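Written below as structure tokens is the structure these notes are about.
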Amino acid sequence: MHWIYYVFIAFGILVAFNMLLLVGMIFVEKKKPQTIIAWLTILTFLPGIGFIFYLLLGSGLSYRVKRMLKKKAISDSDILKNIKGLKTFSEVSGIRSLAKDADLMRLCYDMGGYPCLGNDVKFFCHGLEKIAILKQDLLAAKKSINMEYYIFASDKVGKEIMQILINKARAGVKVKLIYDSVGSKKTRRRFFRKLEKAGGEVAEFFPPFAHIRMINLKLNYRNHRKIVVIDGKIAYTGGINIRDDHMGMNMKLSPWRDASVRIEGGGVFPLQNIFLDDWRYAKKDKRPAEEYIKEYFPTPEPKGDVTVQVLTSGPDSKLQKIKEAYIKMIINAKKRVYLQTPYFVPDDAFISALTIAQKSGVDVRIMLPAKPDKRSVYLPTLSYAREMAEIGIKIYFYNGFMHAKTLLIDDNKLSIGSTNLDNRSFGLNFECTAIMFSEKLNAEYLTCFQEDIANSILADENYFKRAPIASKLGQSFFRLFAPLL
């Protein structure tokens, strides 16, 4: 047969595969139109290779995985039955100082964010600050340490934390550690086996096929959460991973600006629950949920005056819960909306919310890194930043790497978590964020934001015009794939 015949056969097979994927995206996975168009562009211009990319990065979670995730989740209502001292939603939202935000709290509550009163909350703007306090809390642990990180590296800081975990496990403390298969791909499994040999337990979230890290059909769905819960009484969350560069040790991205929170009080219980849900799924744990409730949820002691709601999002939910809460907060804002994020690739709904706030007289500011770590995401970030600047939103480029994921609203609302402002974080990754209602905490973080401004460049119209031609072309090209980033 002539070679052209084989070319036509191969082309026909590729077209058939692409049609099957298209049908699956529309009728089975029910992806958004902009996502489908982005994938069709890849499948058209990269025939064959695009199909492989889709299998690795585009296919949704299977029904079996979603069912297992739901099955392993511990019900909030079951936890509340066993925890004394937590107020009902109506009691919390009815407090005079919180009543003006009752609609926001209701939205978060309906999406799984239980409001918890009486918390003492401290935030950290740099990794070394967080790690120093975290080490003290870990060393003081008496019963349990539950730790979950997207990246747990075997570098200097990773070895220090791991040694503490090993020592505590040997001393009889129940230590559980979850690490993400993709985020921690450079960390060898033997590093974690040291903890298992000491009596601790380790789980790899979404491990690859046959433990070969190059073959991971869930590559696109990453557990991006950073959670630590100690004795059920102290919890951490935010954007800081266990890795040296998150401590500011990478000179190319220095200074590294990040954000994390430490919580004592009722706000610990939702973070404990998130961890245990992930743990029960990752370990395929068959123990009854009641055993975990009795063991890991002590009665919270009021420690301060901050009200906390913790929200999660991920591919296991049809709702993009954190994005919905952010949009609600932005539209409700009366005075200010201050955002910090390393990646800014918003969808139309988010852009509309920011536009409405700005046109309503709200002071809207977005702070991005001046030094990028991922060019493919940074280029569309610049494109969207320029669009925001053109409608009057102030865009700041922090002189270093801005890794913090924060949203500061008016005088009493602050969100710190693991969620970037892009489609991946809002819909594909497993994320969590803590929304805190406190005038004092808000004012303290506002001071930090103002200090960051002193170390930033305010981007005017000429800032974007001066960009090299190659950068402008890259911005336009990579923006085509914004729904996938």
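Identifiers in this document derive from the order of the structure tokens: chains are assigned A, B, ..., residues are numbered from 1 separately in each chain, and ligands are numbered from 1 in order of occurrence.
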ask   = Which polymer residues have any atom within 8 Å of an atom of Tyr384 in chain A, counting only C-alpha atoms, with same-chain residues fewer than 6 positions away left out, as a list of chain:residue names?
value =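 So, after excluding close chain neighbours, the residues are A:Phe344, A:Val345, A:Pro346.
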When DSSP works through the backbone of this structure, what residues of range 167-406 of chain A end up as alpha helix (DSSP H), shown as an mmCIF file with N, CA, C and O atoms, in the first residue's frame?
```cif
data_model
loop_
_atom_site.group_PDB
_atom_site.id
_atom_site.type_symbol
_atom_site.label_atom_id
_atom_site.label_comp_id
_atom_site.auth_asym_id
_atom_site.auth_seq_id
_atom_site.Cartn_x
_atom_site.Cartn_y
_atom_site.Cartn_z
ATOM 1 N N ASN A 167 11.153 11.767 65.971
ATOM 2 C CA ASN A 167 11.368 11.730 67.425
ATOM 3 C C ASN A 167 10.036 11.659 68.179
ATOM 4 O O ASN A 167 9.916 10.931 69.179
ATOM 5 N N LYS A 168 9.037 12.410 67.718
ATOM 6 C CA LYS A 168 7.737 12.389 68.386
ATOM 7 C C LYS A 168 7.047 11.038 68.204
ATOM 8 O O LYS A 168 6.391 10.535 69.128
ATOM 9 N N ALA A 169 7.191 10.445 67.014
ATOM 10 C CA ALA A 169 6.599 9.125 66.782
ATOM 11 C C ALA A 169 7.240 8.082 67.700
ATOM 12 O O ALA A 169 6.545 7.225 68.264
ATOM 13 N N ARG A 170 8.551 8.151 67.857
ATOM 14 C CA ARG A 170 9.243 7.224 68.756
ATOM 15 C C ARG A 170 8.821 7.410 70.209
ATOM 16 O O ARG A 170 8.845 6.457 71.002
ATOM 17 N N ARG A 189 10.794 8.361 48.148
ATOM 18 C CA ARG A 189 9.913 7.725 49.124
ATOM 19 C C ARG A 189 10.677 7.202 50.343
ATOM 20 O O ARG A 189 10.106 7.104 51.428
ATOM 21 N N ARG A 190 11.926 6.893 50.166
ATOM 22 C CA ARG A 190 12.693 6.397 51.318
ATOM 23 C C ARG A 190 12.835 7.471 52.397
ATOM 24 O O ARG A 190 13.057 7.148 53.559
ATOM 25 N N PHE A 191 12.712 8.741 52.003
ATOM 26 C CA PHE A 191 12.748 9.831 52.981
ATOM 27 C C PHE A 191 11.555 9.719 53.932
ATOM 28 O O PHE A 191 11.683 9.925 55.144
ATOM 29 N N PHE A 192 10.387 9.366 53.386
ATOM 30 C CA PHE A 192 9.190 9.225 54.208
ATOM 31 C C PHE A 192 9.176 7.892 54.964
ATOM 32 O O PHE A 192 8.533 7.795 56.017
ATOM 33 N N ARG A 193 9.857 6.894 54.438
ATOM 34 C CA ARG A 193 9.872 5.584 55.111
ATOM 35 C C ARG A 193 10.557 5.660 56.471
ATOM 36 O O ARG A 193 10.282 4.859 57.364
ATOM 37 N N LYS A 194 11.437 6.648 56.647
ATOM 38 C CA LYS A 194 12.094 6.812 57.947
ATOM 39 C C LYS A 194 11.064 7.079 59.037
ATOM 40 O O LYS A 194 11.192 6.588 60.164
ATOM 41 N N LEU A 195 10.044 7.856 58.690
ATOM 42 C CA LEU A 195 8.981 8.146 59.648
ATOM 43 C C LEU A 195 8.160 6.890 59.931
ATOM 44 O O LEU A 195 7.787 6.630 61.086
ATOM 45 N N GLU A 196 7.890 6.110 58.900
ATOM 46 C CA GLU A 196 7.126 4.869 59.095
ATOM 47 C C GLU A 196 7.884 3.892 59.984
ATOM 48 O O GLU A 196 7.290 3.231 60.848
ATOM 49 N N LYS A 197 9.186 3.800 59.803
ATOM 50 C CA LYS A 197 9.993 2.909 60.640
ATOM 51 C C LYS A 197 9.994 3.346 62.097
ATOM 52 O O LYS A 197 10.174 2.532 63.005
ATOM 53 N N VAL A 268 -10.051 25.111 64.784
ATOM 54 C CA VAL A 268 -9.166 23.973 64.526
ATOM 55 C C VAL A 268 -9.961 22.789 63.984
ATOM 56 O O VAL A 268 -9.468 22.032 63.149
ATOM 57 N N PHE A 269 -11.217 22.654 64.458
ATOM 58 C CA PHE A 269 -11.963 21.447 64.127
ATOM 59 C C PHE A 269 -12.212 21.261 62.624
ATOM 60 O O PHE A 269 -12.084 20.146 62.112
ATOM 61 N N PRO A 270 -12.558 22.305 61.835
ATOM 62 C CA PRO A 270 -12.738 22.056 60.400
ATOM 63 C C PRO A 270 -11.445 21.651 59.703
ATOM 64 O O PRO A 270 -11.469 20.831 58.780
ATOM 65 N N LEU A 271 -10.309 22.188 60.134
ATOM 66 C CA LEU A 271 -9.029 21.790 59.528
ATOM 67 C C LEU A 271 -8.685 20.347 59.901
ATOM 68 O O LEU A 271 -8.142 19.604 59.080
ATOM 69 N N GLN A 272 -9.016 19.976 61.131
ATOM 70 C CA GLN A 272 -8.826 18.573 61.534
ATOM 71 C C GLN A 272 -9.697 17.667 60.665
ATOM 72 O O GLN A 272 -9.252 16.601 60.212
ATOM 73 N N ASN A 273 -10.916 18.102 60.404
ATOM 74 C CA ASN A 273 -11.830 17.298 59.604
ATOM 75 C C ASN A 273 -11.353 17.164 58.161
ATOM 76 O O ASN A 273 -11.421 16.080 57.565
ATOM 77 N N ILE A 274 -10.862 18.264 57.584
ATOM 78 C CA ILE A 274 -10.343 18.226 56.209
ATOM 79 C C ILE A 274 -9.196 17.231 56.117
ATOM 80 O O ILE A 274 -9.122 16.408 55.197
ATOM 81 N N PHE A 275 -8.285 17.313 57.092
ATOM 82 C CA PHE A 275 -7.151 16.386 57.077
ATOM 83 C C PHE A 275 -7.629 14.938 57.149
ATOM 84 O O PHE A 275 -7.171 14.078 56.379
ATOM 85 N N LEU A 276 -8.532 14.650 58.074
ATOM 86 C CA LEU A 276 -8.972 13.267 58.266
ATOM 87 C C LEU A 276 -9.750 12.747 57.069
ATOM 88 O O LEU A 276 -9.651 11.564 56.718
ATOM 89 N N ASP A 277 -10.512 13.614 56.393
ATOM 90 C CA ASP A 277 -11.179 13.194 55.150
ATOM 91 C C ASP A 277 -10.144 12.760 54.117
ATOM 92 O O ASP A 277 -10.295 11.713 53.469
ATOM 93 N N ASP A 278 -9.115 13.574 53.938
ATOM 94 C CA ASP A 278 -8.055 13.243 52.981
ATOM 95 C C ASP A 278 -7.302 11.986 53.405
ATOM 96 O O ASP A 278 -6.936 11.146 52.572
ATOM 97 N N TRP A 279 -7.074 11.863 54.702
ATOM 98 C CA TRP A 279 -6.345 10.705 55.222
ATOM 99 C C TRP A 279 -7.136 9.410 54.995
ATOM 100 O O TRP A 279 -6.590 8.409 54.540
ATOM 101 N N ARG A 280 -8.409 9.437 55.327
ATOM 102 C CA ARG A 280 -9.243 8.237 55.193
ATOM 103 C C ARG A 280 -9.347 7.802 53.734
ATOM 104 O O ARG A 280 -9.402 6.601 53.441
ATOM 105 N N TYR A 281 -9.359 8.782 52.810
ATOM 106 C CA TYR A 281 -9.368 8.409 51.402
ATOM 107 C C TYR A 281 -8.010 7.847 50.979
ATOM 108 O O TYR A 281 -7.935 6.774 50.355
ATOM 109 N N ALA A 282 -6.938 8.572 51.298
ATOM 110 C CA ALA A 282 -5.602 8.188 50.823
ATOM 111 C C ALA A 282 -5.171 6.811 51.355
ATOM 112 O O ALA A 282 -4.489 6.064 50.658
ATOM 113 N N ALA A 289 -15.986 6.241 61.345
ATOM 114 C CA ALA A 289 -15.722 7.666 61.567
ATOM 115 C C ALA A 289 -15.828 8.029 63.038
ATOM 116 O O ALA A 289 -15.132 8.933 63.514
ATOM 117 N N GLU A 290 -16.692 7.321 63.776
ATOM 118 C CA GLU A 290 -16.887 7.621 65.194
ATOM 119 C C GLU A 290 -15.597 7.506 65.990
ATOM 120 O O GLU A 290 -15.372 8.259 66.945
ATOM 121 N N GLU A 291 -14.749 6.566 65.606
ATOM 122 C CA GLU A 291 -13.474 6.389 66.319
ATOM 123 C C GLU A 291 -12.586 7.619 66.152
ATOM 124 O O GLU A 291 -11.915 8.041 67.100
ATOM 125 N N TYR A 292 -12.586 8.188 64.966
ATOM 126 C CA TYR A 292 -11.787 9.389 64.726
ATOM 127 C C TYR A 292 -12.360 10.584 65.480
ATOM 128 O O TYR A 292 -11.614 11.425 65.998
ATOM 129 N N ILE A 293 -13.689 10.664 65.533
ATOM 130 C CA ILE A 293 -14.321 11.783 66.233
ATOM 131 C C ILE A 293 -13.934 11.783 67.703
ATOM 132 O O ILE A 293 -13.576 12.823 68.273
ATOM 133 N N LYS A 294 -13.975 10.625 68.329
ATOM 134 C CA LYS A 294 -13.635 10.526 69.754
ATOM 135 C C LYS A 294 -12.153 10.806 69.999
ATOM 136 O O LYS A 294 -11.781 11.372 71.019
ATOM 137 N N GLU A 295 -11.327 10.416 69.044
ATOM 138 C CA GLU A 295 -9.875 10.493 69.255
ATOM 139 C C GLU A 295 -9.282 11.849 68.905
ATOM 140 O O GLU A 295 -8.321 12.296 69.551
ATOM 141 N N TYR A 296 -9.825 12.527 67.894
ATOM 142 C CA TYR A 296 -9.155 13.704 67.353
ATOM 143 C C TYR A 296 -9.902 15.023 67.525
ATOM 144 O O TYR A 296 -9.441 16.056 67.050
ATOM 145 N N LYS A 321 -16.265 26.387 45.547
ATOM 146 C CA LYS A 321 -16.710 27.038 46.778
ATOM 147 C C LYS A 321 -15.891 28.271 47.143
ATOM 148 O O LYS A 321 -16.443 29.311 47.513
ATOM 149 N N ILE A 322 -14.586 28.172 47.067
ATOM 150 C CA ILE A 322 -13.746 29.299 47.466
ATOM 151 C C ILE A 322 -13.930 30.468 46.497
ATOM 152 O O ILE A 322 -14.016 31.628 46.910
ATOM 153 N N LYS A 323 -14.022 30.172 45.213
ATOM 154 C CA LYS A 323 -14.247 31.238 44.239
ATOM 155 C C LYS A 323 -15.587 31.932 44.484
ATOM 156 O O LYS A 323 -15.683 33.164 44.439
ATOM 157 N N GLU A 324 -16.623 31.148 44.767
ATOM 158 C CA GLU A 324 -17.942 31.736 45.015
ATOM 159 C C GLU A 324 -17.906 32.657 46.239
ATOM 160 O O GLU A 324 -18.491 33.749 46.234
ATOM 161 N N ALA A 325 -17.211 32.218 47.290
ATOM 162 C CA ALA A 325 -17.110 33.044 48.501
ATOM 163 C C ALA A 325 -16.328 34.318 48.215
ATOM 164 O O ALA A 325 -16.697 35.410 48.680
ATOM 165 N N TYR A 326 -15.246 34.202 47.445
ATOM 166 C CA TYR A 326 -14.446 35.383 47.097
ATOM 167 C C TYR A 326 -15.277 36.394 46.308
ATOM 168 O O TYR A 326 -15.217 37.605 46.553
ATOM 169 N N ILE A 327 -16.043 35.901 45.339
ATOM 170 C CA ILE A 327 -16.865 36.802 44.532
ATOM 171 C C ILE A 327 -17.884 37.517 45.415
ATOM 172 O O ILE A 327 -18.111 38.725 45.276
ATOM 173 N N LYS A 328 -18.488 36.771 46.337
ATOM 174 C CA LYS A 328 -19.449 37.373 47.270
ATOM 175 C C LYS A 328 -18.777 38.459 48.112
ATOM 176 O O LYS A 328 -19.323 39.556 48.299
ATOM 177 N N MET A 329 -17.577 38.180 48.611
ATOM 178 C CA MET A 329 -16.855 39.147 49.431
ATOM 179 C C MET A 329 -16.516 40.402 48.629
ATOM 180 O O MET A 329 -16.629 41.526 49.127
ATOM 181 N N ILE A 330 -16.092 40.215 47.400
ATOM 182 C CA ILE A 330 -15.684 41.343 46.558
ATOM 183 C C ILE A 330 -16.884 42.226 46.208
ATOM 184 O O ILE A 330 -16.819 43.453 46.294
ATOM 185 N N ILE A 331 -17.990 41.602 45.818
ATOM 186 C CA ILE A 331 -19.174 42.369 45.440
ATOM 187 C C ILE A 331 -19.761 43.110 46.646
ATOM 188 O O ILE A 331 -20.300 44.218 46.519
ATOM 189 N N ASN A 332 -19.645 42.525 47.836
ATOM 190 C CA ASN A 332 -20.176 43.148 49.049
ATOM 191 C C ASN A 332 -19.269 44.244 49.612
ATOM 192 O O ASN A 332 -19.681 44.991 50.504
ATOM 193 N N ASP A 348 -14.369 34.965 33.670
ATOM 194 C CA ASP A 348 -15.201 36.146 33.426
ATOM 195 C C ASP A 348 -15.969 36.577 34.661
ATOM 196 O O ASP A 348 -16.143 37.778 34.913
ATOM 197 N N ALA A 349 -16.448 35.607 35.456
ATOM 198 C CA ALA A 349 -17.221 35.942 36.652
ATOM 199 C C ALA A 349 -16.372 36.706 37.659
ATOM 200 O O ALA A 349 -16.829 37.690 38.263
ATOM 201 N N PHE A 350 -15.129 36.273 37.824
ATOM 202 C CA PHE A 350 -14.239 36.935 38.777
ATOM 203 C C PHE A 350 -13.862 38.336 38.289
ATOM 204 O O PHE A 350 -13.821 39.292 39.073
ATOM 205 N N ILE A 351 -13.608 38.445 36.991
ATOM 206 C CA ILE A 351 -13.295 39.755 36.410
ATOM 207 C C ILE A 351 -14.469 40.714 36.598
ATOM 208 O O ILE A 351 -14.290 41.882 36.947
ATOM 209 N N SER A 352 -15.673 40.217 36.397
ATOM 210 C CA SER A 352 -16.867 41.046 36.562
ATOM 211 C C SER A 352 -16.997 41.542 37.999
ATOM 212 O O SER A 352 -17.338 42.708 38.234
ATOM 213 N N ALA A 353 -16.719 40.652 38.958
ATOM 214 C CA ALA A 353 -16.815 41.038 40.368
ATOM 215 C C ALA A 353 -15.833 42.158 40.689
ATOM 216 O O ALA A 353 -16.183 43.144 41.355
ATOM 217 N N LEU A 354 -14.586 42.022 40.226
ATOM 218 C CA LEU A 354 -13.582 43.057 40.459
ATOM 219 C C LEU A 354 -13.974 44.366 39.770
ATOM 220 O O LEU A 354 -13.795 45.455 40.336
ATOM 221 N N THR A 355 -14.511 44.252 38.564
ATOM 222 C CA THR A 355 -14.927 45.444 37.815
ATOM 223 C C THR A 355 -16.067 46.168 38.528
ATOM 224 O O THR A 355 -16.051 47.398 38.662
ATOM 225 N N ILE A 356 -17.041 45.406 39.000
ATOM 226 C CA ILE A 356 -18.176 45.997 39.725
ATOM 227 C C ILE A 356 -17.694 46.720 40.972
ATOM 228 O O ILE A 356 -18.127 47.842 41.268
ATOM 229 N N ALA A 357 -16.775 46.086 41.710
ATOM 230 C CA ALA A 357 -16.248 46.705 42.931
ATOM 231 C C ALA A 357 -15.533 48.013 42.604
ATOM 232 O O ALA A 357 -15.766 49.052 43.237
ATOM 233 N N GLN A 358 -14.669 47.987 41.592
ATOM 234 C CA GLN A 358 -13.898 49.175 41.237
ATOM 235 C C GLN A 358 -14.809 50.302 40.756
ATOM 236 O O GLN A 358 -14.657 51.460 41.157
ATOM 237 N N LYS A 359 -15.786 49.972 39.929
ATOM 238 C CA LYS A 359 -16.700 50.983 39.392
ATOM 239 C C LYS A 359 -17.665 51.511 40.466
ATOM 240 O O LYS A 359 -18.289 52.547 40.276
ATOM 241 N N ARG A 375 6.822 30.578 33.869
ATOM 242 C CA ARG A 375 6.609 31.518 32.774
ATOM 243 C C ARG A 375 5.271 31.293 32.079
ATOM 244 O O ARG A 375 4.603 32.253 31.659
ATOM 245 N N SER A 376 4.854 30.033 31.930
ATOM 246 C CA SER A 376 3.627 29.733 31.194
ATOM 247 C C SER A 376 2.389 30.288 31.891
ATOM 248 O O SER A 376 1.371 30.547 31.243
ATOM 249 N N VAL A 377 2.450 30.450 33.228
ATOM 250 C CA VAL A 377 1.329 31.021 33.973
ATOM 251 C C VAL A 377 1.524 32.526 34.156
ATOM 252 O O VAL A 377 0.557 33.282 34.212
ATOM 253 N N TYR A 378 2.775 32.966 34.219
ATOM 254 C CA TYR A 378 3.057 34.379 34.456
ATOM 255 C C TYR A 378 2.682 35.241 33.254
ATOM 256 O O TYR A 378 2.206 36.370 33.422
ATOM 257 N N LEU A 379 2.858 34.705 32.048
ATOM 258 C CA LEU A 379 2.536 35.491 30.851
ATOM 259 C C LEU A 379 1.041 35.831 30.766
ATOM 260 O O LEU A 379 0.679 36.994 30.555
ATOM 261 N N PRO A 380 0.144 34.855 30.936
ATOM 262 C CA PRO A 380 -1.272 35.249 30.967
ATOM 263 C C PRO A 380 -1.618 36.101 32.181
ATOM 264 O O PRO A 380 -2.529 36.936 32.117
ATOM 265 N N THR A 381 -0.880 35.922 33.286
ATOM 266 C CA THR A 381 -1.074 36.780 34.458
ATOM 267 C C THR A 381 -0.842 38.242 34.082
ATOM 268 O O THR A 381 -1.612 39.134 34.456
ATOM 269 N N LEU A 382 0.222 38.505 33.316
ATOM 270 C CA LEU A 382 0.510 39.863 32.867
ATOM 271 C C LEU A 382 -0.594 40.398 31.967
ATOM 272 O O LEU A 382 -0.964 41.573 32.042
ATOM 273 N N SER A 383 -1.136 39.520 31.143
ATOM 274 C CA SER A 383 -2.204 39.935 30.236
ATOM 275 C C SER A 383 -3.446 40.377 31.016
ATOM 276 O O SER A 383 -4.034 41.427 30.741
ATOM 277 N N TYR A 384 -3.828 39.576 32.006
ATOM 278 C CA TYR A 384 -5.003 39.926 32.820
ATOM 279 C C TYR A 384 -4.715 41.137 33.712
ATOM 280 O O TYR A 384 -5.612 41.956 33.960
ATOM 281 N N ALA A 385 -3.481 41.258 34.178
ATOM 282 C CA ALA A 385 -3.115 42.410 35.011
ATOM 283 C C ALA A 385 -3.248 43.706 34.206
ATOM 284 O O ALA A 385 -3.750 44.720 34.716
ATOM 285 N N ARG A 386 -2.808 43.652 32.960
ATOM 286 C CA ARG A 386 -2.948 44.837 32.101
ATOM 287 C C ARG A 386 -4.415 45.202 31.912
ATOM 288 O O ARG A 386 -4.795 46.390 31.975
ATOM 289 N N GLU A 387 -5.263 44.188 31.725
ATOM 290 C CA GLU A 387 -6.698 44.426 31.550
ATOM 291 C C GLU A 387 -7.291 45.084 32.790
ATOM 292 O O GLU A 387 -8.117 45.999 32.693
ATOM 293 N N MET A 388 -6.865 44.630 33.966
ATOM 294 C CA MET A 388 -7.362 45.207 35.214
ATOM 295 C C MET A 388 -6.878 46.648 35.390
ATOM 296 O O MET A 388 -7.628 47.522 35.827
ATOM 297 N N ALA A 389 -5.632 46.898 35.022
ATOM 298 C CA ALA A 389 -5.075 48.252 35.150
ATOM 299 C C ALA A 389 -5.823 49.234 34.241
ATOM 300 O O ALA A 389 -6.016 50.399 34.592
ATOM 301 N N GLU A 390 -6.251 48.755 33.082
ATOM 302 C CA GLU A 390 -6.933 49.625 32.127
ATOM 303 C C GLU A 390 -8.293 50.105 32.629
ATOM 304 O O GLU A 390 -8.792 51.137 32.184
#
```
ask   = How many Å separate CA of Lys374 in chain A from CA of Leu253 in chain A?
value =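 So the two atoms, CA of Lys374 in chain A and CA of Leu253 in chain A, lie 11.3 Å apart.
From CA of Ile164 in chain A back to CA of Glu201 in chain A, the distance works out to 14.1 Å.
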message = Need the shell around Leu98 in chain A: protein/DNA/RNA residues with any atom at most 12 Å away, counting only C-alpha atoms. Skip same-chain ones fewer than 4 positions apart. Format as JSON, numbers by chain?
response = {"A": [89, 90, 91, 92, 93, 94, 102, 103, 104, 105, 106, 115, 116, 117, 305, 306, 307, 308, 412, 413, 436, 437, 438, 439]}
key: Interatomic distance (Å, one decimal) between CA of Met249 in chain A and CA of Ile230 in chain A   =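 CA of Met249 in chain A sits 26.8 Å away from CA of Ile230 in chain A.
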